[in-house]
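Asks: I have a structure I would like to understand better, so I am pasting it below and will then ask my questions one at a time.
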Amino acid sequence: MDYGKERVVALVDMDCFYVQVEQRLSPALKNTPCVVAQYKTWKGGSIIAVSYEARAHGVTRNMWVDDAKKLCPDLQVARVRESHGKADLTFYREASVEVIEVMSRFAVIERASIDEAYMDLTAAVQQRLKSMNDNEIESLLLKTTYIQGYPQNSTEQAQRSRGLKQWLASLPELPLGEQSSAGLQLTVGALIVEEMRAAVEKHTGFRCSAGISHNKVLAKLACGLNKPNRQTILPLDSVAELFNSLPISKIRNLGGKLGSSIIETLAVENMGDLCKFSQAQLGQHFGEKTG
DNA sequence: CATTGTTAAGGG
DNA sequence: CCCTTAACA
């Protein structure tokens with residue numbers, strides 16, 4: 001298998017998880033602008049999760065509830081439970097366990113936080129490919145999947161279906177026995193993740209987004225490209241174009257001081273520029289390990 | 001006081 | 001190996 005395409009890795013991220021947990025408990029909160037906030041005394045409490053309806057009004061995480069109400073007067077507020085005067089996240093951790101249990105039926109998962117998990121689907125994909133017939137990968141089975149970079153030569157967005165069809169048409173026939181293409185493997189990975197996400201919603205009521213690519217950093221990046229309640233395949237061949245206009249801070253672990261120092265030291269703006277430097281050069285500037 | 005909590009990596 | 005720092009949710 002080509003370098004960089006050895007594995008199929010997915011990242012599943014629950015959409016505004018704490019909000020969904022509160023909405024399941026209190027259905028009146030569903031489909032409304034609402035937030036989850038902790039504490040109440042200082043400026044109404046601080047917001048730790050925001051529904052997509054509230055985001056449309058400009059409400060964000062870390063905002064004070066009093067400030068958010070100015071942006072969105074009919075904002076509903078759920079409160080984090082407290083014990084010993086401290087915010088207690090037990091309620092959300094228990095909901096997280098429900099999700100993890102369902103996901104674990106499909107693959108070995110690596111819990112990255114209370115609301116997201118990585119999984120290496122390489123083995124599951126190989127298994128699935130063995131039992132698959134030709135024409136078994138249909139657009140219908142990938143109903144919430146986007147392919148980053150497809151359709152090609154198209155500037156207009158919102159062309160999910162056309163991009164998916166073009167991508168599927170570009171895949172080789174199912175090769176029986178021999179190694180299958182990286183594109184085929186990502187697609188079967190996406191099929192598994194579609195099934196996993198449907199199972200999570202069926203058994204917990206919670207929706208999520210996902211990214212499918214060849215490593216954790218790319219899977220995480222892909223996941224953020226189409227939210228909420230959607231999943232995105234990021235083929236390696238689409239990475240260069242994506243990186244051309246991608247701020248360095250968008251890459252996991254480069255959102256803080258290291259990212260800032262890279263931008264300053266190398267006088268670069270986006271990931272496309274950064275990729276022009278060799279690993280040896282990056283090692284010189286940022287330490288052998290970090291580089 | 002004014003976000004808090006959790007996790008992981010790096011340095012001593 | 002522990003402690004501090006960084007990153008993220």
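Ordering of the structure tokens sets the chain letters (A, B, ...); residue numbers start at 1 within each chain; ligands are numbered from 1 in the order shown.
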Can you tell me, as a PyMOL selection string, what residues are no more than 10 Å from stretch 7-9 of chain B when counting only C-alpha atoms (C1' of nucleotides), ignoring any on the same chain fewer than 3 positions away?
Replies: (chain A and resi 112-113+290) or (chain C and resi 5-8)
Asks: Would you kindly return, as a JSON list (two decimals) with all heavy atoms, in the first residue's frame, each protein, DNA or RNA residue with an atom no farther than 12 Å from any atom of stretch 268-277 of chain A, considering only C-alpha atoms (C1' of nucleotides) and excluding same-chain residues fewer than 5 positions away?
Replies:
```json
[["chain", "number", "residue", "atom", "x", "y", "z"],
["A", 239, "VAL", "N", -5.80, 16.31, -0.16],
["A", 239, "VAL", "CA", -5.20, 17.04, 0.95],
["A", 239, "VAL", "C", -4.45, 18.28, 0.49],
["A", 239, "VAL", "O", -4.58, 19.36, 1.07],
["A", 239, "VAL", "CB", -4.25, 16.10, 1.76],
["A", 239, "VAL", "CG1", -3.42, 16.91, 2.75],
["A", 239, "VAL", "CG2", -5.08, 15.06, 2.52],
["A", 240, "ALA", "N", -3.68, 18.16, -0.60],
["A", 240, "ALA", "CA", -2.86, 19.28, -1.05],
["A", 240, "ALA", "C", -3.71, 20.52, -1.32],
["A", 240, "ALA", "O", -3.39, 21.62, -0.84],
["A", 240, "ALA", "CB", -2.08, 18.89, -2.30],
["A", 241, "GLU", "N", -4.80, 20.33, -2.05],
["A", 241, "GLU", "CA", -5.65, 21.48, -2.36],
["A", 241, "GLU", "C", -6.30, 22.05, -1.11],
["A", 241, "GLU", "O", -6.39, 23.27, -0.94],
["A", 241, "GLU", "CB", -6.73, 21.06, -3.37],
["A", 241, "GLU", "CG", -7.54, 22.25, -3.86],
["A", 241, "GLU", "CD", -8.69, 21.83, -4.78],
["A", 241, "GLU", "OE1", -8.78, 20.63, -5.13],
["A", 241, "GLU", "OE2", -9.49, 22.72, -5.12],
["A", 242, "LEU", "N", -6.71, 21.16, -0.21],
["A", 242, "LEU", "CA", -7.31, 21.63, 1.04],
["A", 242, "LEU", "C", -6.31, 22.43, 1.86],
["A", 242, "LEU", "O", -6.63, 23.48, 2.43],
["A", 242, "LEU", "CB", -7.82, 20.42, 1.84],
["A", 242, "LEU", "CG", -8.48, 20.70, 3.19],
["A", 242, "LEU", "CD1", -9.77, 21.50, 3.01],
["A", 242, "LEU", "CD2", -8.78, 19.40, 3.93],
["A", 243, "PHE", "N", -5.07, 21.94, 1.92],
["A", 243, "PHE", "CA", -4.03, 22.59, 2.71],
["A", 243, "PHE", "C", -3.66, 23.98, 2.17],
["A", 243, "PHE", "O", -3.23, 24.84, 2.92],
["A", 243, "PHE", "CB", -2.76, 21.72, 2.74],
["A", 243, "PHE", "CG", -2.77, 20.69, 3.84],
["A", 243, "PHE", "CD1", -3.93, 20.38, 4.51],
["A", 243, "PHE", "CD2", -1.59, 20.02, 4.20],
["A", 243, "PHE", "CE1", -3.94, 19.42, 5.53],
["A", 243, "PHE", "CE2", -1.59, 19.08, 5.23],
["A", 243, "PHE", "CZ", -2.76, 18.77, 5.89],
["A", 244, "ASN", "N", -3.84, 24.18, 0.87],
["A", 244, "ASN", "CA", -3.45, 25.44, 0.26],
["A", 244, "ASN", "C", -4.05, 26.66, 0.94],
["A", 244, "ASN", "O", -3.42, 27.71, 1.01],
["A", 244, "ASN", "CB", -3.82, 25.46, -1.23],
["A", 244, "ASN", "CG", -2.71, 24.89, -2.09],
["A", 244, "ASN", "OD1", -1.54, 25.00, -1.73],
["A", 244, "ASN", "ND2", -3.06, 24.26, -3.19],
["A", 245, "SER", "N", -5.26, 26.53, 1.43],
["A", 245, "SER", "CA", -5.89, 27.68, 2.08],
["A", 245, "SER", "C", -6.29, 27.36, 3.52],
["A", 245, "SER", "O", -7.17, 28.00, 4.08],
["A", 245, "SER", "CB", -7.12, 28.11, 1.28],
["A", 245, "SER", "OG", -8.03, 27.04, 1.18],
["A", 246, "LEU", "N", -5.63, 26.36, 4.11],
["A", 246, "LEU", "CA", -5.99, 25.96, 5.48],
["A", 246, "LEU", "C", -5.06, 26.58, 6.51],
["A", 246, "LEU", "O", -3.86, 26.31, 6.51],
["A", 246, "LEU", "CB", -5.96, 24.44, 5.60],
["A", 246, "LEU", "CG", -6.53, 23.92, 6.93],
["A", 246, "LEU", "CD1", -8.05, 23.92, 6.89],
["A", 246, "LEU", "CD2", -6.02, 22.52, 7.23],
["A", 247, "PRO", "N", -5.60, 27.43, 7.38],
["A", 247, "PRO", "CA", -4.77, 28.03, 8.43],
["A", 247, "PRO", "C", -4.14, 26.93, 9.30],
["A", 247, "PRO", "O", -4.78, 25.91, 9.58],
["A", 247, "PRO", "CB", -5.77, 28.84, 9.27],
["A", 247, "PRO", "CG", -6.92, 29.09, 8.36],
["A", 247, "PRO", "CD", -6.99, 27.89, 7.46],
["A", 248, "ILE", "N", -2.90, 27.14, 9.70],
["A", 248, "ILE", "CA", -2.17, 26.16, 10.50],
["A", 248, "ILE", "C", -2.90, 25.83, 11.80],
["A", 248, "ILE", "O", -2.89, 24.69, 12.26],
["A", 248, "ILE", "CB", -0.74, 26.68, 10.75],
["A", 248, "ILE", "CG1", 0.07, 26.55, 9.45],
["A", 248, "ILE", "CG2", -0.06, 25.93, 11.88],
["A", 248, "ILE", "CD1", 1.38, 27.27, 9.42],
["A", 249, "SER", "N", -3.60, 26.82, 12.33],
["A", 249, "SER", "CA", -4.28, 26.62, 13.61],
["A", 249, "SER", "C", -5.42, 25.61, 13.53],
["A", 249, "SER", "O", -5.92, 25.15, 14.56],
["A", 249, "SER", "CB", -4.83, 27.96, 14.11],
["A", 249, "SER", "OG", -5.78, 28.47, 13.20],
["A", 250, "LYS", "N", -5.84, 25.26, 12.32],
["A", 250, "LYS", "CA", -6.96, 24.31, 12.17],
["A", 250, "LYS", "C", -6.51, 22.86, 12.38],
["A", 250, "LYS", "O", -7.35, 21.96, 12.47],
["A", 250, "LYS", "CB", -7.58, 24.43, 10.77],
["A", 250, "LYS", "CG", -8.18, 25.78, 10.47],
["A", 250, "LYS", "CD", -9.48, 25.99, 11.20],
["A", 250, "LYS", "CE", -10.11, 27.33, 10.83],
["A", 250, "LYS", "NZ", -11.27, 27.65, 11.69],
["A", 251, "ILE", "N", -5.19, 22.63, 12.42],
["A", 251, "ILE", "CA", -4.68, 21.28, 12.60],
["A", 251, "ILE", "C", -4.59, 20.97, 14.09],
["A", 251, "ILE", "O", -4.12, 21.80, 14.88],
["A", 251, "ILE", "CB", -3.29, 21.13, 11.95],
["A", 251, "ILE", "CG1", -3.40, 21.31, 10.43],
["A", 251, "ILE", "CG2", -2.66, 19.78, 12.28],
["A", 251, "ILE", "CD1", -4.12, 20.20, 9.70],
["A", 254, "LEU", "N", -2.03, 22.25, 16.78],
["A", 254, "LEU", "CA", -1.36, 23.47, 16.32],
["A", 254, "LEU", "C", -2.26, 24.70, 16.55],
["A", 254, "LEU", "O", -2.04, 25.74, 15.96],
["A", 254, "LEU", "CB", -0.99, 23.36, 14.83],
["A", 254, "LEU", "CG", -0.05, 22.20, 14.46],
["A", 254, "LEU", "CD1", 0.32, 22.24, 12.98],
["A", 254, "LEU", "CD2", 1.22, 22.24, 15.32],
["A", 259, "GLY", "N", 1.59, 26.42, 17.24],
["A", 259, "GLY", "CA", 1.12, 26.91, 15.95],
["A", 259, "GLY", "C", 1.55, 28.35, 15.69],
["A", 259, "GLY", "O", 2.04, 28.68, 14.61],
["A", 260, "SER", "N", 1.40, 29.19, 16.70],
["A", 260, "SER", "CA", 1.80, 30.60, 16.58],
["A", 260, "SER", "C", 3.29, 30.73, 16.30],
["A", 260, "SER", "O", 3.71, 31.53, 15.46],
["A", 260, "SER", "CB", 1.46, 31.37, 17.85],
["A", 260, "SER", "OG", 0.11, 31.17, 18.17],
["A", 261, "SER", "N", 4.09, 29.91, 16.99],
["A", 261, "SER", "CA", 5.54, 30.01, 16.82],
["A", 261, "SER", "C", 5.95, 29.52, 15.42],
["A", 261, "SER", "O", 6.90, 30.04, 14.83],
["A", 261, "SER", "CB", 6.27, 29.23, 17.91],
["A", 261, "SER", "OG", 6.24, 27.85, 17.64],
["A", 262, "ILE", "N", 5.23, 28.55, 14.89],
["A", 262, "ILE", "CA", 5.51, 28.08, 13.52],
["A", 262, "ILE", "C", 5.26, 29.21, 12.53],
["A", 262, "ILE", "O", 6.09, 29.49, 11.65],
["A", 262, "ILE", "CB", 4.61, 26.87, 13.17],
["A", 262, "ILE", "CG1", 5.05, 25.63, 13.96],
["A", 262, "ILE", "CG2", 4.66, 26.57, 11.68],
["A", 262, "ILE", "CD1", 4.10, 24.46, 13.84],
["A", 263, "ILE", "N", 4.12, 29.87, 12.68],
["A", 263, "ILE", "CA", 3.75, 30.95, 11.77],
["A", 263, "ILE", "C", 4.79, 32.06, 11.81],
["A", 263, "ILE", "O", 5.22, 32.58, 10.78],
["A", 263, "ILE", "CB", 2.35, 31.50, 12.14],
["A", 263, "ILE", "CG1", 1.28, 30.45, 11.81],
["A", 263, "ILE", "CG2", 2.07, 32.80, 11.41],
["A", 263, "ILE", "CD1", -0.09, 30.75, 12.40],
["A", 282, "LEU", "N", 12.15, 21.27, 10.11],
["A", 282, "LEU", "CA", 11.23, 21.50, 11.21],
["A", 282, "LEU", "C", 11.86, 21.05, 12.53],
["A", 282, "LEU", "O", 11.68, 21.69, 13.57],
["A", 282, "LEU", "CB", 9.92, 20.74, 10.96],
["A", 282, "LEU", "CG", 9.15, 21.19, 9.72],
["A", 282, "LEU", "CD1", 7.89, 20.32, 9.52],
["A", 282, "LEU", "CD2", 8.75, 22.65, 9.80],
["A", 283, "GLY", "N", 12.66, 19.97, 12.46],
["A", 283, "GLY", "CA", 13.36, 19.48, 13.64],
["A", 283, "GLY", "C", 14.36, 20.51, 14.16],
["A", 283, "GLY", "O", 14.49, 20.69, 15.38],
["A", 284, "GLN", "N", 15.05, 21.17, 13.25],
["A", 284, "GLN", "CA", 16.01, 22.21, 13.64],
["A", 284, "GLN", "C", 15.32, 23.32, 14.45],
["A", 284, "GLN", "O", 15.83, 23.79, 15.45],
["A", 284, "GLN", "CB", 16.61, 22.85, 12.38],
["A", 284, "GLN", "CG", 17.40, 21.90, 11.50],
["A", 284, "GLN", "CD", 18.88, 22.05, 11.71],
["A", 284, "GLN", "OE1", 19.40, 23.15, 11.63],
["A", 284, "GLN", "NE2", 19.56, 20.96, 11.99],
["A", 285, "HIS", "N", 14.14, 23.72, 13.98],
["A", 285, "HIS", "CA", 13.47, 24.88, 14.57],
["A", 285, "HIS", "C", 12.69, 24.54, 15.85],
["A", 285, "HIS", "O", 12.66, 25.34, 16.78],
["A", 285, "HIS", "CB", 12.49, 25.48, 13.57],
["A", 285, "HIS", "CG", 13.14, 26.23, 12.46],
["A", 285, "HIS", "ND1", 13.79, 27.44, 12.66],
["A", 285, "HIS", "CD2", 13.26, 25.97, 11.14],
["A", 285, "HIS", "CE1", 14.26, 27.89, 11.50],
["A", 285, "HIS", "NE2", 13.97, 27.01, 10.56],
["A", 291, "GLY", "N", 9.38, 18.47, 15.72],
["A", 291, "GLY", "CA", 9.50, 18.65, 14.28],
["A", 291, "GLY", "C", 9.03, 17.43, 13.52],
["A", 291, "GLY", "O", 8.34, 17.54, 12.52]]
```
Asks: Rounded to one decimal, what separation in Å do you get between atom CA of A:Lys130 and atom CA of A:His203?
Replies: 28.2 Å
Asks: Using only C-alpha atoms (C1' of nucleotides), find each residue in chain A having at least one atom no more than 8 Å away from chain B; report its shortest atom-to-atom pair and that distance in Å (one decimal), rows by chain then rising number, as CSV.
Replies:
```
residue,atom,partner,partner_atom,distance
A:Trp42,CA,B:DA2,C1',6.9
A:Ser46,CA,B:DT3,C1',6.5
A:Asn62,CA,B:DT3,C1',7.0
```
Asks: Neighbouring residues of stretch 142-152 of chain A were defined as those with any atom within 9 Å, considering only C-alpha atoms (C1' of nucleotides); residues of the same chain fewer than 4 positions away were excluded. Please report them as number ranges by chain.
Replies: A: 137-138, 159-167, 187, 190-191, 194, 222, 225-226, 229-235, 237-239, 241-242
Asks: Near chain C, meaning an atom within 12 Å, which residues of chain A appear when counting only C-alpha atoms (C1' of nucleotides)? Write them as an mmCIF file with C-alpha atoms, in the first residue's frame.
Replies:
```cif
data_model
loop_
_atom_site.group_PDB
_atom_site.id
_atom_site.type_symbol
_atom_site.label_atom_id
_atom_site.label_comp_id
_atom_site.auth_asym_id
_atom_site.auth_seq_id
_atom_site.Cartn_x
_atom_site.Cartn_y
_atom_site.Cartn_z
ATOM 1 C CA ASP A 13 -17.498 13.517 17.260
ATOM 2 C CA MET A 14 -20.859 14.024 18.962
ATOM 3 C CA ASP A 15 -22.621 17.203 17.820
ATOM 4 C CA CYS A 16 -22.870 19.712 20.725
ATOM 5 C CA PHE A 17 -22.956 16.691 23.020
ATOM 6 C CA TYR A 18 -23.970 18.240 26.345
ATOM 7 C CA ILE A 47 -21.583 28.430 28.430
ATOM 8 C CA ILE A 48 -19.914 25.102 27.713
ATOM 9 C CA ALA A 49 -22.111 23.801 24.847
ATOM 10 C CA VAL A 50 -24.242 25.516 22.200
ATOM 11 C CA ARG A 61 -18.717 28.494 23.954
ATOM 12 C CA ASN A 62 -17.048 30.400 26.825
ATOM 13 C CA ALA A 112 -10.239 10.941 22.881
ATOM 14 C CA SER A 113 -12.595 12.940 25.120
ATOM 15 C CA ILE A 114 -16.074 12.773 26.577
ATOM 16 C CA ASP A 115 -17.618 13.323 23.138
ATOM 17 C CA GLU A 116 -15.180 11.986 20.552
ATOM 18 C CA SER A 249 -4.284 26.624 13.613
ATOM 19 C CA ILE A 251 -4.680 21.278 12.599
ATOM 20 C CA ARG A 252 -5.036 19.360 15.837
ATOM 21 C CA ASN A 253 -2.350 20.393 18.331
ATOM 22 C CA LEU A 254 -1.362 23.473 16.318
ATOM 23 C CA GLY A 255 -4.148 25.662 17.682
ATOM 24 C CA GLY A 256 -2.013 27.139 20.442
ATOM 25 C CA LYS A 257 1.468 28.440 21.079
ATOM 26 C CA LEU A 258 3.288 25.904 18.902
ATOM 27 C CA GLY A 259 1.116 26.912 15.945
#
```
Asks: So which residues of stretch 42-282 of chain A fall under alpha helix (DSSP H) by DSSP, listed as a PyMOL selection string?
Replies: chain A and resi 52-55+65-71+90-103+122-130+160-170+182-204+216-223+239-244+257-266+271-274+279-282
Asks: Kindly save the residues from that selection, with C-alpha atoms included, as a CSV table (one decimal), in the first residue's frame.
Replies:
```csv
chain,number,residue,atom,x,y,z
A,52,TYR,CA,-26.7,24.9,16.2
A,53,GLU,CA,-29.8,27.0,16.4
A,54,ALA,CA,-28.1,29.2,19.0
A,55,ARG,CA,-24.8,29.3,17.0
A,65,VAL,CA,-25.2,33.6,29.6
A,66,ASP,CA,-26.1,37.2,30.2
A,67,ASP,CA,-24.1,38.2,27.0
A,68,ALA,CA,-25.6,35.4,25.0
A,69,LYS,CA,-29.1,36.5,25.9
A,70,LYS,CA,-28.4,39.8,24.3
A,71,LEU,CA,-27.6,38.1,21.0
A,90,THR,CA,-21.3,12.7,35.8
A,91,PHE,CA,-24.6,13.0,33.8
A,92,TYR,CA,-22.7,13.5,30.5
A,93,ARG,CA,-20.1,10.9,31.3
A,94,GLU,CA,-22.8,8.3,31.7
A,95,ALA,CA,-24.3,9.4,28.4
A,96,SER,CA,-20.8,9.1,26.9
A,97,VAL,CA,-20.6,5.5,28.1
A,98,GLU,CA,-23.8,4.7,26.3
A,99,VAL,CA,-22.3,6.0,23.0
A,100,ILE,CA,-19.0,4.2,23.5
A,101,GLU,CA,-20.8,0.9,24.1
A,102,VAL,CA,-22.6,1.1,20.8
A,103,MET,CA,-19.5,2.2,18.9
A,122,THR,CA,-8.2,-1.1,8.6
A,123,ALA,CA,-9.0,-4.7,9.7
A,124,ALA,CA,-12.7,-4.2,9.7
A,125,VAL,CA,-12.5,-2.8,6.1
A,126,GLN,CA,-10.4,-5.8,4.9
A,127,GLN,CA,-13.0,-8.2,6.5
A,128,ARG,CA,-15.9,-6.4,4.9
A,129,LEU,CA,-14.2,-6.2,1.5
A,130,LYS,CA,-13.9,-10.0,1.5
A,160,ARG,CA,-22.8,16.3,-2.1
A,161,SER,CA,-24.7,13.9,-4.3
A,162,ARG,CA,-22.8,14.8,-7.5
A,163,GLY,CA,-19.5,14.6,-5.7
A,164,LEU,CA,-20.3,11.2,-4.2
A,165,LYS,CA,-21.4,9.8,-7.6
A,166,GLN,CA,-18.2,11.1,-9.3
A,167,TRP,CA,-16.1,9.6,-6.5
A,168,LEU,CA,-17.8,6.2,-6.7
A,169,ALA,CA,-17.4,6.2,-10.5
A,170,SER,CA,-13.7,6.8,-10.1
A,182,ALA,CA,-6.9,3.3,-0.9
A,183,GLY,CA,-10.1,4.9,-2.3
A,184,LEU,CA,-12.0,1.7,-2.0
A,185,GLN,CA,-10.8,1.2,1.5
A,186,LEU,CA,-11.9,4.7,2.6
A,187,THR,CA,-15.3,4.2,1.0
A,188,VAL,CA,-15.9,0.9,2.9
A,189,GLY,CA,-14.7,2.6,6.0
A,190,ALA,CA,-17.3,5.3,5.4
A,191,LEU,CA,-19.9,2.6,4.9
A,192,ILE,CA,-19.0,1.1,8.3
A,193,VAL,CA,-19.1,4.5,10.0
A,194,GLU,CA,-22.5,5.3,8.4
A,195,GLU,CA,-23.8,2.1,10.0
A,196,MET,CA,-22.1,2.9,13.3
A,197,ARG,CA,-23.6,6.4,13.4
A,198,ALA,CA,-27.1,5.1,12.6
A,199,ALA,CA,-26.7,2.5,15.4
A,200,VAL,CA,-25.6,5.2,17.9
A,201,GLU,CA,-28.7,7.3,17.0
A,202,LYS,CA,-31.0,4.4,17.2
A,203,HIS,CA,-29.8,3.2,20.6
A,204,THR,CA,-29.0,6.5,22.3
A,216,LYS,CA,-5.9,10.6,13.1
A,217,VAL,CA,-4.9,14.2,12.2
A,218,LEU,CA,-6.6,14.0,8.8
A,219,ALA,CA,-9.7,12.2,10.2
A,220,LYS,CA,-10.1,14.9,12.8
A,221,LEU,CA,-9.8,17.6,10.1
A,222,ALA,CA,-12.3,15.8,7.9
A,223,CYS,CA,-14.8,15.5,10.6
A,239,VAL,CA,-5.2,17.0,1.0
A,240,ALA,CA,-2.9,19.3,-1.1
A,241,GLU,CA,-5.7,21.5,-2.4
A,242,LEU,CA,-7.3,21.6,1.0
A,243,PHE,CA,-4.0,22.6,2.7
A,244,ASN,CA,-3.4,25.4,0.3
A,257,LYS,CA,1.5,28.4,21.1
A,258,LEU,CA,3.3,25.9,18.9
A,259,GLY,CA,1.1,26.9,15.9
A,260,SER,CA,1.8,30.6,16.6
A,261,SER,CA,5.5,30.0,16.8
A,262,ILE,CA,5.5,28.1,13.5
A,263,ILE,CA,3.7,30.9,11.8
A,264,GLU,CA,6.2,33.5,13.2
A,265,THR,CA,9.4,31.5,12.8
A,266,LEU,CA,8.8,30.2,9.3
A,271,MET,CA,-0.5,24.2,5.8
A,272,GLY,CA,0.4,24.4,2.1
A,273,ASP,CA,3.4,26.6,2.9
A,274,LEU,CA,4.4,24.6,5.9
A,279,GLN,CA,11.1,17.2,8.6
A,280,ALA,CA,14.8,17.9,9.1
A,281,GLN,CA,14.2,21.6,8.9
A,282,LEU,CA,11.2,21.5,11.2
```
Asks: Between atom CA of A:Asn153 and atom CA of A:Leu171, what is the distance in Å, rounded to a tenth?
Replies: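 For atom CA of A:Asn153 relative to atom CA of A:Leu171, the distance reads 17.9 Å.
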Asks: Could you check how far atom CA of A:His214 sits from atom CA of A:Val8, in Å to one decimal?
Replies: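 Taking atom CA of A:His214 as the start and atom CA of A:Val8 as the end point, the length is 4.8 Å.
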